[in-house]
$ cat target17.tsv   # TSV, C-alpha atoms
chain	number	residue	atom	x	y	z
A	120	ASP	CA	-6.13	-16.03	-12.90
A	121	GLY	CA	-3.09	-15.32	-10.74
A	122	GLY	CA	-3.70	-13.08	-7.81
A	123	ILE	CA	-3.99	-12.54	-4.12
A	124	THR	CA	-7.27	-13.30	-2.36
A	125	GLN	CA	-8.46	-12.03	0.96
A	126	SER	CA	-11.52	-13.31	2.71
A	127	PRO	CA	-13.98	-12.40	3.92
A	128	LYS	CA	-14.54	-8.91	2.52
A	129	TYR	CA	-16.49	-7.81	5.60
A	130	LEU	CA	-16.12	-9.22	9.09
A	131	PHE	CA	-17.92	-8.37	12.30
A	132	ARG	CA	-16.77	-9.52	15.71
A	133	LYS	CA	-17.60	-8.83	19.30
A	134	GLU	CA	-15.03	-7.13	21.47
A	135	GLY	CA	-12.77	-9.62	23.23
A	136	GLN	CA	-12.88	-12.25	20.49
A	137	ASN	CA	-9.93	-13.24	18.38
A	138	VAL	CA	-10.50	-13.23	14.63
A	139	THR	CA	-8.41	-14.59	11.76
A	140	LEU	CA	-8.22	-12.95	8.35
A	141	SER	CA	-7.32	-15.11	5.39
A	142	CYS	CA	-4.80	-14.24	2.67
A	143	GLU	CA	-3.91	-16.61	-0.18
A	144	GLN	CA	-1.76	-15.97	-3.25
A	145	ASN	CA	-1.07	-18.10	-6.32
A	146	LEU	CA	1.62	-15.84	-7.74
A	147	ASN	CA	4.45	-17.99	-6.38
A	148	HIS	CA	5.72	-14.98	-4.44
A	149	ASP	CA	8.10	-15.50	-1.55
A	150	ALA	CA	7.32	-12.29	0.35
A	151	MET	CA	3.96	-11.47	1.94
A	152	TYR	CA	2.78	-8.54	4.03
A	153	TRP	CA	-0.09	-7.32	6.15
A	154	TYR	CA	-1.04	-3.65	6.29
A	155	ARG	CA	-3.69	-1.78	8.16
A	156	GLN	CA	-5.42	1.29	6.68
A	157	ASP	CA	-7.32	3.82	8.77
A	158	PRO	CA	-9.05	6.98	7.51
A	159	GLY	CA	-6.59	9.84	7.13
A	160	GLN	CA	-3.58	7.59	7.65
A	161	GLY	CA	-1.28	5.83	5.27
A	162	LEU	CA	-1.02	2.08	5.15
A	163	ARG	CA	0.88	0.80	8.18
A	164	LEU	CA	2.89	-2.40	8.17
A	165	ILE	CA	1.79	-5.02	10.70
A	166	TYR	CA	3.86	-8.10	9.81
A	167	TYR	CA	5.84	-9.35	6.85
A	168	SER	CA	7.29	-12.67	5.80
A	169	GLN	CA	10.23	-13.25	3.53
A	170	ILE	CA	9.91	-17.01	3.29
A	171	VAL	CA	7.95	-19.95	4.65
A	172	ASN	CA	8.21	-20.41	8.42
A	173	ASP	CA	9.72	-16.96	8.87
A	174	PHE	CA	8.05	-13.65	9.64
A	175	GLN	CA	9.00	-10.32	11.16
A	176	LYS	CA	7.15	-7.63	13.07
A	177	GLY	CA	6.32	-4.45	11.25
A	178	ASP	CA	5.59	-1.08	12.77
A	179	ILE	CA	2.37	-1.93	14.59
A	180	ALA	CA	2.55	-5.64	15.44
A	181	GLU	CA	1.17	-5.42	18.97
A	182	GLY	CA	-2.12	-7.30	19.30
A	183	TYR	CA	-1.61	-9.25	16.07
A	184	SER	CA	-0.14	-12.62	15.19
A	185	VAL	CA	0.65	-14.39	11.92
A	186	SER	CA	1.84	-17.73	10.61
A	187	ARG	CA	3.50	-18.78	7.35
A	188	GLU	CA	3.24	-22.53	7.13
A	189	LYS	CA	2.74	-22.54	3.37
A	190	LYS	CA	4.15	-20.29	0.69
A	191	GLU	CA	0.66	-19.44	-0.56
A	192	SER	CA	-0.90	-18.52	2.76
A	193	PHE	CA	-0.28	-15.79	5.35
A	194	PRO	CA	-3.22	-15.55	7.79
A	195	LEU	CA	-3.46	-12.70	10.26
A	196	THR	CA	-5.06	-13.11	13.69
A	197	VAL	CA	-6.36	-10.01	15.38
A	198	THR	CA	-6.32	-10.80	19.07
A	199	SER	CA	-8.31	-9.33	21.91
A	200	ALA	CA	-5.13	-7.48	22.93
A	201	GLN	CA	-5.42	-5.18	19.92
A	202	LYS	CA	-6.95	-2.02	21.35
A	203	ASN	CA	-8.41	-0.54	18.15
A	204	PRO	CA	-9.03	-3.47	15.80
A	205	THR	CA	-11.69	-1.88	13.62
A	206	ALA	CA	-9.92	-1.06	10.34
A	207	PHE	CA	-9.40	-2.02	6.71
A	208	TYR	CA	-6.79	-4.78	6.47
A	209	LEU	CA	-4.75	-5.32	3.33
A	210	CYS	CA	-2.58	-8.28	2.43
A	211	ALA	CA	0.13	-7.96	-0.21
A	212	SER	CA	2.83	-10.04	-1.83
A	213	SER	CA	5.94	-9.49	-3.90
A	214	ILE	CA	8.37	-11.80	-5.65
A	215	ASP	CA	10.83	-11.31	-2.82
A	216	LEU	CA	11.82	-8.68	-0.29
A	217	GLY	CA	14.21	-7.08	-2.72
A	218	THR	CA	11.63	-6.66	-5.48
A	219	ALA	CA	9.62	-3.52	-5.60
A	220	GLU	CA	6.15	-4.05	-6.93
A	221	ALA	CA	3.60	-5.17	-4.36
A	222	PHE	CA	0.38	-6.90	-5.35
A	223	PHE	CA	-2.49	-6.24	-2.99
A	224	GLY	CA	-5.62	-8.18	-2.18
A	225	GLN	CA	-9.02	-6.53	-2.09
A	226	GLY	CA	-8.94	-6.06	1.64
A	227	THR	CA	-11.02	-7.13	4.63
A	228	ARG	CA	-13.00	-4.55	6.54
A	229	LEU	CA	-13.11	-5.65	10.16
A	230	THR	CA	-15.62	-4.10	12.53
A	231	VAL	CA	-15.45	-4.92	16.21
A	232	VAL	CA	-18.49	-4.01	18.27
B	289	SER	CA	11.16	12.68	12.41
B	290	GLN	CA	10.51	10.75	9.23
B	291	LYS	CA	7.52	11.86	7.21
B	292	ILE	CA	5.95	11.26	3.85
B	293	GLU	CA	3.35	13.82	2.84
B	294	GLN	CA	0.73	14.03	0.17
B	295	ASN	CA	-1.84	16.74	-0.23
B	296	SER	CA	-4.83	15.62	1.80
B	297	GLU	CA	-7.21	17.89	-0.08
B	298	ALA	CA	-8.87	16.43	-3.12
B	299	LEU	CA	-7.67	17.62	-6.50
B	300	ASN	CA	-10.51	18.56	-8.86
B	301	ILE	CA	-9.74	18.94	-12.54
B	302	GLN	CA	-11.57	18.91	-15.83
B	303	GLU	CA	-11.40	16.08	-18.29
B	304	GLY	CA	-8.57	16.48	-20.75
B	305	LYS	CA	-6.34	18.49	-18.41
B	306	THR	CA	-3.15	17.27	-16.77
B	307	ALA	CA	-3.36	16.26	-13.13
B	308	THR	CA	-0.24	16.74	-11.01
B	309	LEU	CA	0.05	15.15	-7.59
B	310	THR	CA	2.87	15.77	-5.14
B	311	CYS	CA	4.69	13.52	-2.70
B	312	ASN	CA	7.22	15.05	-0.30
B	313	TYR	CA	9.32	13.21	2.22
B	314	THR	CA	11.76	14.05	4.99
B	315	ASN	CA	14.50	12.07	6.70
B	316	TYR	CA	14.36	9.15	4.29
B	317	SER	CA	16.87	8.14	1.65
B	318	PRO	CA	14.81	5.76	-0.48
B	319	ALA	CA	16.33	3.64	-3.18
B	320	TYR	CA	13.04	3.92	-5.05
B	321	LEU	CA	9.60	5.42	-4.86
B	322	GLN	CA	6.33	3.96	-6.09
B	323	TRP	CA	2.89	5.21	-7.00
B	324	TYR	CA	-0.30	3.23	-6.50
B	325	ARG	CA	-3.93	3.80	-7.39
B	326	GLN	CA	-6.65	2.91	-4.89
B	327	ASP	CA	-10.38	2.86	-5.56
B	328	PRO	CA	-12.86	3.03	-2.66
B	329	GLY	CA	-13.05	-0.22	-0.71
B	330	ARG	CA	-10.34	-1.88	-2.85
B	331	GLY	CA	-6.69	-2.67	-2.47
B	332	PRO	CA	-4.03	-0.43	-4.06
B	333	VAL	CA	-2.85	-1.22	-7.57
B	334	PHE	CA	0.76	-0.62	-8.56
B	335	LEU	CA	1.30	1.99	-11.26
B	336	LEU	CA	4.93	3.06	-11.51
B	337	LEU	CA	8.25	2.76	-9.78
B	338	ILE	CA	11.11	5.23	-10.10
B	339	ARG	CA	14.60	4.64	-8.76
B	340	GLU	CA	16.85	7.18	-7.07
B	341	ASN	CA	19.11	7.42	-10.12
B	342	GLU	CA	16.18	8.10	-12.48
B	343	LYS	CA	14.79	11.55	-12.95
B	344	GLU	CA	11.68	10.63	-14.90
B	345	LYS	CA	9.60	7.57	-15.80
B	346	ARG	CA	6.69	7.30	-18.21
B	347	LYS	CA	3.95	4.78	-18.83
B	348	GLU	CA	1.25	5.66	-21.33
B	349	ARG	CA	-0.46	8.80	-19.93
B	350	LEU	CA	1.43	8.63	-16.64
B	351	LYS	CA	4.68	10.35	-15.80
B	352	VAL	CA	6.61	10.33	-12.55
B	353	THR	CA	9.56	12.51	-11.58
B	354	PHE	CA	11.87	12.00	-8.63
B	355	ASP	CA	14.04	14.76	-7.23
B	356	THR	CA	16.23	13.41	-4.42
B	357	THR	CA	17.60	16.88	-3.70
B	358	LEU	CA	14.15	18.36	-3.14
B	359	LYS	CA	12.96	15.04	-1.66
B	360	GLN	CA	9.93	15.16	-3.86
B	361	SER	CA	8.13	13.11	-6.46
B	362	LEU	CA	5.56	14.47	-8.89
B	363	PHE	CA	2.95	12.23	-10.51
B	364	HIS	CA	1.31	13.46	-13.70
B	365	ILE	CA	-1.71	12.12	-15.57
B	366	THR	CA	-2.05	13.74	-18.97
B	367	ALA	CA	-5.33	13.94	-20.90
B	368	SER	CA	-7.15	12.97	-17.73
B	369	GLN	CA	-10.45	11.07	-17.90
B	370	PRO	CA	-13.27	10.60	-15.38
B	371	ALA	CA	-12.09	6.98	-15.05
B	372	ASP	CA	-8.85	8.32	-13.56
B	373	SER	CA	-10.79	9.47	-10.49
B	374	ALA	CA	-9.33	7.61	-7.52
B	375	THR	CA	-6.95	8.04	-4.62
B	376	TYR	CA	-3.27	7.96	-5.53
B	377	LEU	CA	-0.74	6.79	-2.98
B	378	CYS	CA	2.98	7.28	-3.01
B	379	ALA	CA	5.18	4.81	-1.20
B	380	LEU	CA	8.88	4.85	-0.60
B	381	ASP	CA	11.32	2.15	0.24
B	382	ARG	CA	13.08	2.11	3.55
B	383	GLY	CA	14.93	-1.11	2.86
B	384	PHE	CA	13.90	-4.71	2.20
B	385	GLN	CA	10.61	-3.72	0.59
B	386	LYS	CA	9.40	-2.22	3.85
B	387	LEU	CA	7.36	0.40	2.15
B	388	VAL	CA	6.08	3.48	3.91
B	389	PHE	CA	2.95	4.96	2.40
B	390	GLY	CA	1.61	8.45	2.22
B	391	THR	CA	-2.02	9.12	3.08
B	392	GLY	CA	-2.94	9.57	-0.56
B	393	THR	CA	-4.49	12.32	-2.62
B	394	ARG	CA	-7.98	11.95	-4.05
B	395	LEU	CA	-8.28	12.97	-7.68
B	396	LEU	CA	-11.67	13.88	-9.14
B	397	VAL	CA	-11.89	14.33	-12.89
B	398	SER	CA	-15.11	15.90	-14.05
B	399	PRO	CA	-16.50	15.54	-17.59
$ encode --input "target17.tsv" --output "structure tokens"
Amino acid sequence: DGGITQSPKYLFRKEGQNVTLSCEQNLNHDAMYWYRQDPGQGLRLIYYSQIVNDFQKGDIAEGYSVSREKKESFPLTVTSAQKNPTAFYLCASSIDLGTAEAFFGQGTRLTVV
Amino acid sequence: SQKIEQNSEALNIQEGKTATLTCNYTNYSPAYLQWYRQDPGRGPVFLLLIRENEKEKRKERLKVTFDTTLKQSLFHITASQPADSATYLCALDRGFQKLVFGTGTRLLVSP
């Protein structure tokens, strides 16, 4: 089945630790995105990547980092510099940046204690 | 400032009726607007896209309208079913697939 997979579904970390969220897609999509969703707020764009080895900051990139070494993979690291890391994180992909429909993963709920 | 607004209050309707959800925006000129469905604890699922030069789009029981003068999109579900209960998000394009999402409206369809 083609799709986009995020893991793990739930993640707990202690404050001050970096944590990496996995996102893999087998849709052969060029573009990938990371969003954050908080209660009462719309999805907010953290980072996006148009192509391998290239990525751009979104609206709330501070405290996050990404890499795009392979077309299929776009991991997100939440660093200790992120002040409010507890949130629901969503990864998405689309055929390219000019194509509309985004396919989302099932999300990772990160809780930092 | 730029805003995209959806009714934050849940919409409660009876099975069989038509649900109408609203998405208003200000200070954007999107080339297209999208609607997604999101179930609790899951990622959004794409439903429909409507372009700025289209007034209406249909897919099965779903209909979307887009009024660029009013800066508003309406999302209709006809003959609603309890399985349609979910949160519905609108998203508009601000260039290069950088979507901006509304907060969503929760729809509850009771039998």
$ residues_near_point --input "target17.tsv" --point "(-3.5, 4.6, 1.1)" --cutoff "7 Å" --atoms "only C-alpha atoms" --output "PyMOL selection string"
(chain A and resi 156+161-162) or (chain B and resi 326+377+389-392)
$ interface_residues --input "target17.tsv" --of "chain A" --to "chain B" --cutoff "10 Å" --atoms "all atoms listed in the file" --output "PyMOL selection string"
chain A and resi 128+150+152+156-164+167+169+177-178+207-211+213+215-228
$ write_last_selection --input "target17.tsv" --atoms "C-alpha atoms" --output "CSV table (one decimal), in the coordinates of the input"
chain,number,residue,atom,x,y,z
A,128,LYS,CA,-14.5,-8.9,2.5
A,150,ALA,CA,7.3,-12.3,0.4
A,152,TYR,CA,2.8,-8.5,4.0
A,156,GLN,CA,-5.4,1.3,6.7
A,157,ASP,CA,-7.3,3.8,8.8
A,158,PRO,CA,-9.0,7.0,7.5
A,159,GLY,CA,-6.6,9.8,7.1
A,160,GLN,CA,-3.6,7.6,7.6
A,161,GLY,CA,-1.3,5.8,5.3
A,162,LEU,CA,-1.0,2.1,5.2
A,163,ARG,CA,0.9,0.8,8.2
A,164,LEU,CA,2.9,-2.4,8.2
A,167,TYR,CA,5.8,-9.4,6.8
A,169,GLN,CA,10.2,-13.2,3.5
A,177,GLY,CA,6.3,-4.4,11.2
A,178,ASP,CA,5.6,-1.1,12.8
A,207,PHE,CA,-9.4,-2.0,6.7
A,208,TYR,CA,-6.8,-4.8,6.5
A,209,LEU,CA,-4.8,-5.3,3.3
A,210,CYS,CA,-2.6,-8.3,2.4
A,211,ALA,CA,0.1,-8.0,-0.2
A,213,SER,CA,5.9,-9.5,-3.9
A,215,ASP,CA,10.8,-11.3,-2.8
A,216,LEU,CA,11.8,-8.7,-0.3
A,217,GLY,CA,14.2,-7.1,-2.7
A,218,THR,CA,11.6,-6.7,-5.5
A,219,ALA,CA,9.6,-3.5,-5.6
A,220,GLU,CA,6.2,-4.0,-6.9
A,221,ALA,CA,3.6,-5.2,-4.4
A,222,PHE,CA,0.4,-6.9,-5.4
A,223,PHE,CA,-2.5,-6.2,-3.0
A,224,GLY,CA,-5.6,-8.2,-2.2
A,225,GLN,CA,-9.0,-6.5,-2.1
A,226,GLY,CA,-8.9,-6.1,1.6
A,227,THR,CA,-11.0,-7.1,4.6
A,228,ARG,CA,-13.0,-4.6,6.5
$ atom_distance --input "target17.tsv" --atom1 "CA of Gly304 (chain B)" --atom2 "CA of Ser361 (chain B)"
22.2 Å
$ residues_near_point --input "target17.tsv" --point "(12.8, 14.8, 7.8)" --cutoff "8 Å" --atoms "all atoms listed in the file" --output "PyMOL selection string"
chain B and resi 289-291+313-316
$ axis_aligned_box --input "target17.tsv" --around "region 293-299 of chain B" --padding-each-side "6 Å" --output "lines of an AutoDock Vina configuration file"
center_x = -2.8
center_y = 15.9
center_z = -1.8
size_x = 24.2
size_y = 16.1
size_z = 21.3
$ closest_residue --input "target17.tsv" --among "B:Ser317, B:Thr393, B:Ser398, B:Ser368" --to "Thr356 (chain B)" --atoms "only C-alpha atoms"
B:Ser317
$ decode --input "target17.tsv" --residues "region 295-306 of chain B" --atoms "all heavy atoms" --output "tab-separated table (two decimals), in the first residue's frame"
chain	number	residue	atom	x	y	z
B	295	ASN	N	-15.81	28.33	11.90
B	295	ASN	CA	-16.60	28.38	13.11
B	295	ASN	C	-16.04	27.39	14.12
B	295	ASN	O	-15.98	26.19	13.86
B	295	ASN	CB	-18.06	28.04	12.79
B	295	ASN	CG	-18.97	28.39	13.95
B	295	ASN	OD1	-18.51	28.57	15.08
B	295	ASN	ND2	-20.25	28.49	13.68
B	296	SER	N	-15.64	27.89	15.27
B	296	SER	CA	-15.03	27.01	16.27
B	296	SER	C	-16.06	26.19	17.03
B	296	SER	O	-15.72	25.19	17.66
B	296	SER	CB	-14.20	27.83	17.24
B	296	SER	OG	-15.02	28.80	17.87
B	297	GLU	N	-17.31	26.61	16.97
B	297	GLU	CA	-18.35	25.84	17.65
B	297	GLU	C	-18.72	24.63	16.82
B	297	GLU	O	-18.76	24.70	15.59
B	297	GLU	CB	-19.59	26.70	17.87
B	297	GLU	CG	-19.38	27.81	18.88
B	297	GLU	CD	-20.67	28.59	19.10
B	297	GLU	OE1	-21.73	28.09	18.70
B	297	GLU	OE2	-20.59	29.68	19.66
B	298	ALA	N	-19.01	23.55	17.50
B	298	ALA	CA	-19.40	22.34	16.79
B	298	ALA	C	-20.76	22.53	16.12
B	298	ALA	O	-21.61	23.26	16.61
B	298	ALA	CB	-19.46	21.16	17.75
B	299	LEU	N	-20.91	21.89	14.99
B	299	LEU	CA	-22.18	21.92	14.26
B	299	LEU	C	-22.89	20.59	14.49
B	299	LEU	O	-22.36	19.54	14.14
B	299	LEU	CB	-21.91	22.14	12.77
B	299	LEU	CG	-23.12	22.13	11.84
B	299	LEU	CD1	-24.05	23.27	12.19
B	299	LEU	CD2	-22.69	22.20	10.39
B	300	ASN	N	-24.06	20.66	15.08
B	300	ASN	CA	-24.85	19.46	15.36
B	300	ASN	C	-26.03	19.40	14.40
B	300	ASN	O	-26.82	20.34	14.36
B	300	ASN	CB	-25.39	19.49	16.79
B	300	ASN	CG	-24.31	19.28	17.83
B	300	ASN	OD1	-23.96	18.17	18.15
B	300	ASN	ND2	-23.77	20.38	18.32
B	301	ILE	N	-26.14	18.29	13.66
B	301	ILE	CA	-27.28	18.14	12.76
B	301	ILE	C	-27.81	16.73	12.83
B	301	ILE	O	-27.14	15.81	13.34
B	301	ILE	CB	-26.93	18.49	11.31
B	301	ILE	CG1	-25.87	17.52	10.76
B	301	ILE	CG2	-26.44	19.92	11.17
B	301	ILE	CD1	-25.74	17.61	9.27
B	302	GLN	N	-29.00	16.56	12.31
B	302	GLN	CA	-29.61	15.23	12.29
B	302	GLN	C	-29.25	14.50	11.00
B	302	GLN	O	-29.10	15.12	9.93
B	302	GLN	CB	-31.12	15.36	12.38
B	302	GLN	CG	-31.66	15.18	13.78
B	302	GLN	CD	-33.17	15.02	13.78
B	302	GLN	OE1	-33.87	15.75	13.11
B	302	GLN	NE2	-33.64	14.07	14.54
B	303	GLU	N	-29.18	13.21	11.12
B	303	GLU	CA	-28.92	12.36	9.96
B	303	GLU	C	-29.90	12.68	8.84
B	303	GLU	O	-31.09	12.90	9.09
B	303	GLU	CB	-29.04	10.90	10.38
B	303	GLU	CG	-28.71	9.90	9.29
B	303	GLU	CD	-28.74	8.47	9.80
B	303	GLU	OE1	-29.17	8.25	10.96
B	303	GLU	OE2	-28.32	7.56	9.05
B	304	GLY	N	-29.39	12.74	7.63
B	304	GLY	CA	-30.24	12.99	6.48
B	304	GLY	C	-30.28	14.46	6.06
B	304	GLY	O	-30.63	14.77	4.92
B	305	LYS	N	-29.92	15.35	6.98
B	305	LYS	CA	-29.94	16.78	6.66
B	305	LYS	C	-28.64	17.17	5.95
B	305	LYS	O	-27.67	16.40	5.92
B	305	LYS	CB	-30.07	17.62	7.94
B	305	LYS	CG	-31.29	17.30	8.75
B	305	LYS	CD	-32.54	17.79	8.05
B	305	LYS	CE	-33.77	17.59	8.96
B	305	LYS	NZ	-35.02	17.92	8.27
B	306	THR	N	-28.63	18.39	5.43
B	306	THR	CA	-27.42	18.92	4.80
B	306	THR	C	-26.63	19.74	5.79
B	306	THR	O	-27.16	20.64	6.44
B	306	THR	CB	-27.78	19.79	3.59
B	306	THR	OG1	-28.42	18.99	2.59
B	306	THR	CG2	-26.54	20.44	2.99
